[in-house]
>>> print(open('model_24.cif').read())   # mmCIF, C-alpha atoms and all ligand atoms
data_entry
#
loop_
_atom_site.label_atom_id
_atom_site.label_comp_id
_atom_site.auth_asym_id
_atom_site.auth_seq_id
_atom_site.Cartn_x
_atom_site.Cartn_y
_atom_site.Cartn_z
CA MET A 1 29.05 -13.06 40.85
CA ARG A 2 25.50 -14.02 39.85
CA GLY A 3 25.06 -10.53 38.29
CA ILE A 4 28.23 -10.95 36.21
CA ILE A 5 27.01 -14.30 34.92
CA ILE A 6 23.63 -12.85 33.93
CA VAL A 7 25.22 -9.83 32.16
CA SER A 8 27.67 -12.13 30.32
CA PHE A 9 24.79 -14.38 29.28
CA LEU A 10 22.81 -11.39 27.91
CA ILE A 11 25.83 -10.10 25.94
CA LEU A 12 26.41 -13.57 24.50
CA GLN A 13 22.73 -13.90 23.58
CA SER A 14 22.70 -10.54 21.76
CA LEU A 15 25.87 -11.47 19.85
CA VAL A 16 24.30 -14.73 18.71
CA ALA A 17 21.11 -12.93 17.71
CA SER A 18 22.91 -10.28 15.67
CA SER A 19 25.17 -12.77 13.92
CA SER A 20 22.22 -14.98 12.93
CA GLN A 21 20.45 -12.03 11.24
CA SER A 22 21.62 -12.27 7.65
CA ALA A 23 22.97 -9.18 5.91
CA PRO A 24 21.70 -8.27 2.44
CA ASP A 25 23.52 -10.29 -0.21
CA PHE A 26 23.15 -7.62 -2.89
CA ASN A 27 24.65 -4.12 -3.10
CA PHE A 28 21.86 -1.59 -3.54
CA PHE A 29 18.28 -1.12 -4.73
CA TYR A 30 16.74 0.55 -7.73
CA TRP A 31 13.37 1.96 -6.86
CA VAL A 32 11.77 2.26 -10.29
CA ASN A 33 8.79 4.40 -11.29
CA TYR A 34 7.24 4.54 -14.75
CA TRP A 35 5.32 7.25 -16.59
CA PRO A 36 2.01 5.87 -17.96
CA GLY A 37 1.97 8.37 -20.85
CA ALA A 38 5.14 6.84 -22.26
CA ILE A 39 3.56 3.42 -22.47
CA CYS A 40 0.60 4.58 -24.57
CA ASP A 41 2.55 6.30 -27.33
CA SER A 42 5.18 3.65 -27.63
CA GLN A 43 2.63 1.05 -28.62
CA LYS A 44 0.47 1.83 -31.65
CA GLY A 45 0.09 5.53 -31.04
CA CYS A 46 -3.07 4.86 -29.10
CA CYS A 47 -3.88 4.92 -25.46
CA PRO A 48 -6.94 3.31 -23.94
CA PRO A 49 -8.41 5.86 -21.53
CA THR A 50 -8.38 4.39 -18.06
CA ILE A 51 -11.38 4.06 -15.79
CA ARG A 52 -9.03 3.20 -12.96
CA ASP A 53 -8.93 5.52 -10.00
CA THR A 54 -5.26 6.22 -10.53
CA ALA A 55 -3.65 9.54 -9.75
CA SER A 56 -2.18 11.47 -12.71
CA ASP A 57 1.25 10.57 -11.54
CA PHE A 58 4.28 8.35 -11.97
CA MET A 59 3.45 4.78 -10.99
CA ILE A 60 5.60 2.42 -8.95
CA HIS A 61 7.24 -0.32 -11.01
CA GLY A 62 9.12 -1.98 -8.18
CA LEU A 63 12.06 -2.23 -5.81
CA TRP A 64 14.86 -4.21 -7.41
CA PRO A 65 17.97 -5.57 -5.64
CA GLN A 66 21.11 -4.96 -7.68
CA PHE A 67 24.78 -5.87 -7.80
CA ILE A 68 27.31 -3.15 -8.57
CA ASN A 69 28.46 -4.96 -11.70
CA GLY A 70 25.09 -4.28 -13.32
CA THR A 71 23.57 -7.73 -12.78
CA TRP A 72 20.76 -8.64 -10.41
CA PRO A 73 19.28 -11.66 -8.66
CA ALA A 74 15.80 -12.82 -9.72
CA PHE A 75 13.15 -15.39 -8.76
CA CYS A 76 15.06 -16.53 -5.66
CA ASP A 77 12.46 -18.52 -3.72
CA GLN A 78 9.72 -20.72 -5.13
CA THR A 79 8.50 -21.54 -1.62
CA ASN A 80 7.32 -18.04 -0.73
CA LEU A 81 5.40 -16.82 -3.75
CA PHE A 82 3.07 -13.82 -3.82
CA ASP A 83 0.20 -13.98 -1.35
CA ILE A 84 -2.23 -11.07 -1.57
CA SER A 85 -3.74 -11.91 1.83
CA LYS A 86 -0.51 -10.74 3.45
CA ILE A 87 -0.93 -7.19 2.11
CA SER A 88 -4.71 -6.72 2.26
CA ASP A 89 -4.39 -3.47 4.22
CA LEU A 90 -2.22 -1.95 1.46
CA ILE A 91 -4.36 -2.81 -1.57
CA SER A 92 -6.40 0.37 -1.94
CA LYS A 93 -3.26 2.52 -1.87
CA MET A 94 -1.47 0.17 -4.24
CA GLU A 95 -4.33 0.36 -6.74
CA ARG A 96 -3.81 4.12 -7.01
CA LYS A 97 -0.02 4.25 -6.87
CA TRP A 98 1.11 0.97 -8.39
CA ALA A 99 -1.17 0.37 -11.35
CA GLU A 100 -0.66 -2.43 -13.76
CA TRP A 101 0.94 -0.91 -16.84
CA GLY A 102 -0.96 -3.19 -19.21
CA VAL A 103 -3.91 -0.91 -18.46
CA TRP A 104 -2.37 1.65 -20.79
CA THR A 105 -1.26 -0.58 -23.63
CA CYS A 106 -3.18 -1.16 -26.85
CA PRO A 107 -4.98 -3.46 -26.43
CA SER A 108 -5.12 -3.39 -22.63
CA ASN A 109 -3.16 -6.31 -21.32
CA GLU A 110 -3.28 -6.76 -17.59
CA THR A 111 -1.01 -9.33 -16.04
CA ASN A 112 -0.32 -9.05 -12.34
CA LEU A 113 2.49 -6.59 -11.74
CA TRP A 114 2.44 -6.92 -7.93
CA GLU A 115 2.71 -10.68 -8.11
CA HIS A 116 5.48 -10.46 -10.69
CA GLU A 117 7.47 -7.92 -8.67
CA TRP A 118 7.32 -9.97 -5.47
CA ASN A 119 8.13 -13.27 -7.19
CA LYS A 120 10.97 -11.81 -9.25
CA HIS A 121 12.53 -9.25 -6.90
CA GLY A 122 10.86 -9.55 -3.47
CA THR A 123 11.84 -13.19 -3.05
CA CYS A 124 15.50 -12.11 -3.38
CA VAL A 125 15.39 -9.54 -0.58
CA GLN A 126 14.02 -11.62 2.28
CA SER A 127 17.09 -10.82 4.37
CA VAL A 128 15.64 -7.29 4.51
CA PHE A 129 11.89 -7.50 3.85
CA ASP A 130 8.94 -9.83 4.22
CA HIS A 131 5.90 -9.60 1.92
CA HIS A 132 4.29 -6.75 3.80
CA SER A 133 7.35 -4.61 4.36
CA TYR A 134 8.45 -5.00 0.72
CA PHE A 135 5.20 -3.47 -0.54
CA GLN A 136 4.95 -0.99 2.31
CA THR A 137 8.47 0.30 1.62
CA ASN A 138 7.54 1.01 -1.99
CA LEU A 139 4.51 2.98 -0.79
CA LYS A 140 6.60 4.79 1.82
CA PHE A 141 9.00 6.09 -0.82
CA LYS A 142 6.07 7.07 -3.03
CA GLN A 143 4.77 9.19 -0.16
CA LYS A 144 8.22 10.62 0.50
CA LEU A 145 9.20 11.50 -3.05
CA ASN A 146 6.72 13.20 -5.35
CA LEU A 147 8.60 13.02 -8.65
CA LEU A 148 5.92 14.79 -10.68
CA ASN A 149 5.70 17.76 -8.31
CA ILE A 150 9.48 18.07 -8.24
CA LEU A 151 9.55 18.27 -12.04
CA LYS A 152 6.58 20.65 -12.24
CA GLN A 153 8.24 23.02 -9.78
CA LYS A 154 11.09 23.34 -12.29
CA GLY A 155 8.66 23.95 -15.16
CA ILE A 156 9.00 20.39 -16.50
CA LYS A 157 5.44 19.30 -17.29
CA PRO A 158 3.76 16.33 -19.00
CA ASN A 159 2.58 18.35 -21.99
CA ASP A 160 4.27 16.55 -24.91
CA GLY A 161 7.06 19.16 -24.67
CA PHE A 162 10.81 18.42 -24.92
CA TYR A 163 13.12 18.95 -21.95
CA GLY A 164 16.86 18.57 -21.39
CA LEU A 165 17.86 15.19 -19.97
CA ASP A 166 20.28 16.94 -17.58
CA GLU A 167 17.60 19.44 -16.64
CA ILE A 168 15.34 16.55 -15.57
CA LYS A 169 18.12 14.73 -13.69
CA ASN A 170 19.17 17.92 -11.91
CA ALA A 171 15.61 18.67 -10.79
CA ILE A 172 15.56 15.36 -8.91
CA LYS A 173 19.16 15.70 -7.72
CA CYS A 174 18.33 19.07 -6.14
CA VAL A 175 15.84 17.31 -3.86
CA ILE A 176 17.40 13.92 -3.04
CA GLY A 177 21.06 14.82 -3.49
CA PHE A 178 21.75 12.24 -6.21
CA ALA A 179 21.00 12.05 -9.92
CA PRO A 180 18.52 9.34 -10.93
CA GLY A 181 18.91 6.98 -13.83
CA ILE A 182 16.44 7.66 -16.63
CA GLU A 183 15.11 5.13 -19.11
CA CYS A 184 13.56 6.34 -22.35
CA ASN A 185 11.47 4.69 -24.98
CA GLU A 186 10.18 6.00 -28.32
CA ASP A 187 6.84 7.38 -29.35
CA VAL A 188 5.36 6.38 -32.72
CA LYS A 189 7.36 9.12 -34.48
CA GLY A 190 10.62 7.85 -33.03
CA ASN A 191 10.99 10.66 -30.46
CA LYS A 192 12.81 9.62 -27.29
CA GLN A 193 10.54 10.08 -24.31
CA LEU A 194 10.68 9.85 -20.52
CA PHE A 195 9.68 6.32 -19.52
CA GLN A 196 11.18 5.36 -16.14
CA PHE A 197 13.13 6.85 -13.24
CA TYR A 198 15.70 4.68 -11.43
CA ILE A 199 16.22 6.04 -7.91
CA CYS A 200 19.06 4.37 -6.01
CA LEU A 201 18.68 3.30 -2.38
CA ASP A 202 21.12 1.63 0.01
CA ASN A 203 20.83 -2.13 0.50
CA TYR A 204 18.41 -1.75 3.41
CA ALA A 205 16.27 0.68 1.38
CA LYS A 206 16.58 3.33 4.07
CA GLU A 207 18.38 6.18 2.30
CA PHE A 208 18.88 7.60 -1.17
CA VAL A 209 22.41 6.92 -2.42
CA GLU A 210 24.57 7.78 -5.42
CA CYS A 211 23.81 5.18 -8.09
CA PRO A 212 26.82 2.82 -8.14
CA TYR A 213 25.78 1.74 -11.61
CA VAL A 214 23.25 3.15 -14.05
CA PRO A 215 22.77 1.28 -17.28
CA ASP A 216 22.64 3.22 -20.53
CA LYS A 217 18.94 3.66 -20.96
CA SER A 218 18.79 5.02 -24.51
CA CYS A 219 17.74 8.65 -24.05
CA ALA A 220 18.65 11.71 -26.15
CA SER A 221 19.91 15.06 -24.81
CA LYS A 222 16.35 16.36 -25.12
CA ILE A 223 13.43 14.07 -24.40
CA LYS A 224 9.67 14.31 -24.62
CA PHE A 225 7.50 14.32 -21.50
CA PRO A 226 4.24 12.85 -22.87
CA LYS A 227 0.82 13.74 -21.56
CA PHE A 228 -0.88 11.55 -18.95
CA PRO A 229 -3.55 9.20 -20.39
CA LYS A 230 -7.06 10.63 -20.40
CA LYS A 231 -9.51 9.29 -17.86
CA ARG A 232 -12.68 7.65 -19.12
CA PHE A 233 -15.65 7.84 -16.80
CA SER A 234 -17.12 4.63 -15.48
CA LEU A 235 -20.75 3.85 -16.35
CA SER A 236 -22.00 4.93 -12.91
CA GLU A 237 -20.03 8.18 -13.09
CA SER A 238 -21.42 8.88 -16.58
CA LEU A 239 -24.99 8.18 -15.43
CA SER A 240 -24.66 10.42 -12.42
CA ALA A 241 -23.15 13.19 -14.60
CA MET A 242 -26.08 12.84 -17.06
CA SER A 243 -28.69 12.92 -14.30
CA SER A 244 -27.13 16.03 -12.79
CA VAL A 245 -27.32 17.75 -16.23
CA SER A 246 -30.97 16.72 -16.77
CA THR A 247 -32.05 18.05 -13.36
CA THR A 248 -30.46 21.48 -13.89
O1 LIG A 301 15.09 -5.24 -18.30
C1 LIG A 301 14.09 -6.18 -18.16
C2 LIG A 301 13.65 -6.36 -16.73
O2 LIG A 301 14.70 -6.93 -15.92
C3 LIG A 301 14.66 -6.37 -14.60
N1 LIG A 301 15.85 -5.53 -14.36
C4 LIG A 301 16.41 -4.85 -15.38
C5 LIG A 301 17.52 -4.06 -15.17
C6 LIG A 301 18.09 -4.01 -13.90
O3 LIG A 301 19.10 -3.34 -13.67
N2 LIG A 301 17.49 -4.72 -12.88
C7 LIG A 301 16.40 -5.48 -13.08
O4 LIG A 301 15.89 -6.10 -12.14
C8 LIG A 301 13.37 -5.61 -14.54
O5 LIG A 301 12.39 -6.56 -14.19
P1 LIG A 301 10.82 -6.47 -14.18
O6 LIG A 301 10.41 -6.30 -12.76
O7 LIG A 301 10.37 -5.32 -15.00
O8 LIG A 301 10.42 -7.78 -14.79
C9 LIG A 301 13.31 -5.09 -15.98
O9 LIG A 301 12.14 -4.51 -16.39
#
>>> encode(input="model_24.cif", output="structure tokens", more="lines below")
Ligand code: U2P
Amino acid sequence: MRGIIIVSFLILQSLVASSSQSAPDFNFFYWVNYWPGAICDSQKGCCPPTIRDTASDFMIHGLWPQFINGTWPAFCDQTNLFDISKISDLISKMERKWAEWGVWTCPSNETNLWEHEWNKHGTCVQSVFDHHSYFQTNLKFKQKLNLLNILKQKGIKPNDGFYGLDEIKNAIKCVIGFAPGIECNEDVKGNKQLFQFYICLDNYAKEFVECPYVPDKSCASKIKFPKFPKKRFSLSESLSAMSSVSTT
């Protein structure tokens, strides 16, 4: 009898626990990555060379909760704003994979992208993520999905060449099973160019899913894949390069 009571109590307890865990109140996620080369050209045709230790790669923009009707929640909680101390172990990786895009504008205009993404989108997904897991999940997908390599393997390279929009979508679809959304912008000559990928994830950000909704993101049937911004050496790197030349 005592055993039955204990088992019943445990079942009841687990039911209460699972019902108090809130389910996501949005439908899916966009995981958005931008191409730094598309930011340079679209400004004044210039591109400040970066001294940042960024990889020549797509950069994370953010993980955005979405509704299937094409709207999205934003800035949901003023009481839990960005706190960098909660993600200190992730910073060095984030600096390489999630660079501020103002670095590549003319003139450089750094705001704080991480802070903005948490305050705008992260605060709306607290049924699924806390500070740390929000940022970590972005980095996890970056590790899992190498967009640039996928494109390069299909001969689609950042060389200022033009490639079919469907060709680009299909390259990604071949690997994740679903076509991404693509956002374009224009270079100074008015050419449409690859700016951002929208990869759709389920509302727990566990799996890739078919995009329930992809907004029209103003591309053409052929789009330019601009070069990656050139790297400028830092003062210490330049000095060490000079000293190695003078000693040889
Ligand atoms: O389009 C302007 C900014 O609104 C946010 N956005 C846009 C489309 C969409 O489907 N979902 C969404 O969240 C983005 O916010 P950001 O983080 O850049 O401020 C988008 O850039």
>>> atom_distance(input="model_24.cif", atom1="atom CA of Thr137 of chain A", atom2="atom CA of Val214 of chain A")
21.7 Å
>>> residues_around(input="model_24.cif", residues="segment 187-198 of chain A", least_positions_apart="2", cutoff="8 Å", atoms="only C-alpha atoms", output="list of chain:residue names")
A:Tyr30, A:Trp31, A:Val32, A:Asn33, A:Tyr34, A:Trp35, A:Pro36, A:Ala38, A:Ile39, A:Asp41, A:Ser42, A:Gln43, A:Lys44, A:Gly45, A:Pro180, A:Gly181, A:Ile182, A:Glu183, A:Cys184, A:Asn185, A:Cys200, A:Cys219, A:Ala220, A:Lys222, A:Ile223, A:Lys224, A:Phe225, A:Pro226
>>> write_last_selection(input="model_24.cif", atoms="C-alpha atoms", output="short mmCIF file (atom, residue, chain, number, x, y, z; two decimals), in the frame of the given file")
data_model
loop_
_atom_site.label_atom_id
_atom_site.label_comp_id
_atom_site.auth_asym_id
_atom_site.auth_seq_id
_atom_site.Cartn_x
_atom_site.Cartn_y
_atom_site.Cartn_z
CA TYR A 30 16.74 0.55 -7.73
CA TRP A 31 13.37 1.96 -6.86
CA VAL A 32 11.77 2.26 -10.29
CA ASN A 33 8.79 4.40 -11.29
CA TYR A 34 7.24 4.54 -14.75
CA TRP A 35 5.32 7.25 -16.59
CA PRO A 36 2.01 5.87 -17.96
CA ALA A 38 5.14 6.84 -22.26
CA ILE A 39 3.56 3.42 -22.47
CA ASP A 41 2.55 6.30 -27.33
CA SER A 42 5.18 3.65 -27.63
CA GLN A 43 2.63 1.05 -28.62
CA LYS A 44 0.47 1.83 -31.65
CA GLY A 45 0.09 5.53 -31.04
CA PRO A 180 18.52 9.34 -10.93
CA GLY A 181 18.91 6.98 -13.83
CA ILE A 182 16.44 7.66 -16.63
CA GLU A 183 15.11 5.13 -19.11
CA CYS A 184 13.56 6.34 -22.35
CA ASN A 185 11.47 4.69 -24.98
CA CYS A 200 19.06 4.37 -6.01
CA CYS A 219 17.74 8.65 -24.05
CA ALA A 220 18.65 11.71 -26.15
CA LYS A 222 16.35 16.36 -25.12
CA ILE A 223 13.43 14.07 -24.40
CA LYS A 224 9.67 14.31 -24.62
CA PHE A 225 7.50 14.32 -21.50
CA PRO A 226 4.24 12.85 -22.87
#
>>> axis_aligned_box(input="model_24.cif", around="ligand LIG 301 (chain A)", padding_each_side="5 Å", output="JSON")
{"center_x": 14.7, "center_y": -5.6, "center_z": -15.2, "size_x": 18.7, "size_y": 14.4, "size_z": 16.2}
>>> residues_near_ligand(input="model_24.cif", ligand="ligand LIG 301 (chain A)", cutoff="6 Å", atoms="only C-alpha atoms and all ligand atoms", output="list in words")
Trp64, Trp72 and Glu117 of chain A
>>> atom_distance(input="model_24.cif", atom1="atom CA of Phe208 of chain A", atom2="atom CA of Leu81 of chain A")
28.0 Å
>>> atom_distance(input="model_24.cif", atom1="atom CA of Ser56 of chain A", atom2="atom CA of Phe141 of chain A")
17.2 Å
>>> closest_residue(input="model_24.cif", among="A:Phe75, A:Phe26, A:Phe162, A:Trp101", to="His61 of chain A", atoms="all atoms listed in the file")
A:Trp101
>>> residues_around(input="model_24.cif", residues="Pro24 of chain A", least_positions_apart="2", cutoff="7 Å", atoms="all atoms listed in the file", output="PyMOL selection string")
chain A and resi 22+26+127-128+203
>>> closest_residue(input="model_24.cif", among="A:Cys211, A:Cys46, A:Ala74, A:Ala55", to="Gly122 of chain A", atoms="only C-alpha atoms")
A:Ala74
>>> residues_near_point(input="model_24.cif", point="(9.8, -14.4, -8.2)", cutoff="6 Å", atoms="only C-alpha atoms", output="VMD selection string")
chain A and resid 75 118 to 121 123
>>> closest_residue(input="model_24.cif", among="A:Pro215, A:Lys169, A:Ala179, A:Trp104", to="Pro48 of chain A", atoms="only C-alpha atoms")
A:Trp104
>>> closest_residue(input="model_24.cif", among="A:Leu165, A:Asn80, A:Lys144, A:Gln66", to="Ser218 of chain A", atoms="only C-alpha atoms")
A:Leu165
>>> closest_residue(input="model_24.cif", among="A:Phe178, A:Tyr163, A:Trp98, A:Phe28", to="Leu139 of chain A", atoms="all atoms listed in the file")
A:Trp98
>>> residues_around(input="model_24.cif", residues="Lys97 of chain A", least_positions_apart="2", cutoff="7 Å", atoms="all atoms listed in the file", output="PDB file with C-alpha atoms, in the frame of the given file")
ATOM      1  CA  THR A  54      -5.260   6.220 -10.530  1.00  0.00           C
ATOM      2  CA  MET A  59       3.450   4.780 -10.990  1.00  0.00           C
ATOM      3  CA  ILE A  60       5.600   2.420  -8.950  1.00  0.00           C
ATOM      4  CA  LYS A  93      -3.260   2.520  -1.870  1.00  0.00           C
ATOM      5  CA  MET A  94      -1.470   0.170  -4.240  1.00  0.00           C
ATOM      6  CA  GLU A  95      -4.330   0.360  -6.740  1.00  0.00           C
ATOM      7  CA  ALA A  99      -1.170   0.370 -11.350  1.00  0.00           C
TER       8      ALA A  99
END
>>> closest_residue(input="model_24.cif", among="A:Glu115, A:Cys40, A:Ile199, A:Cys174", to="Gly102 of chain A", atoms="all atoms listed in the file")
A:Cys40
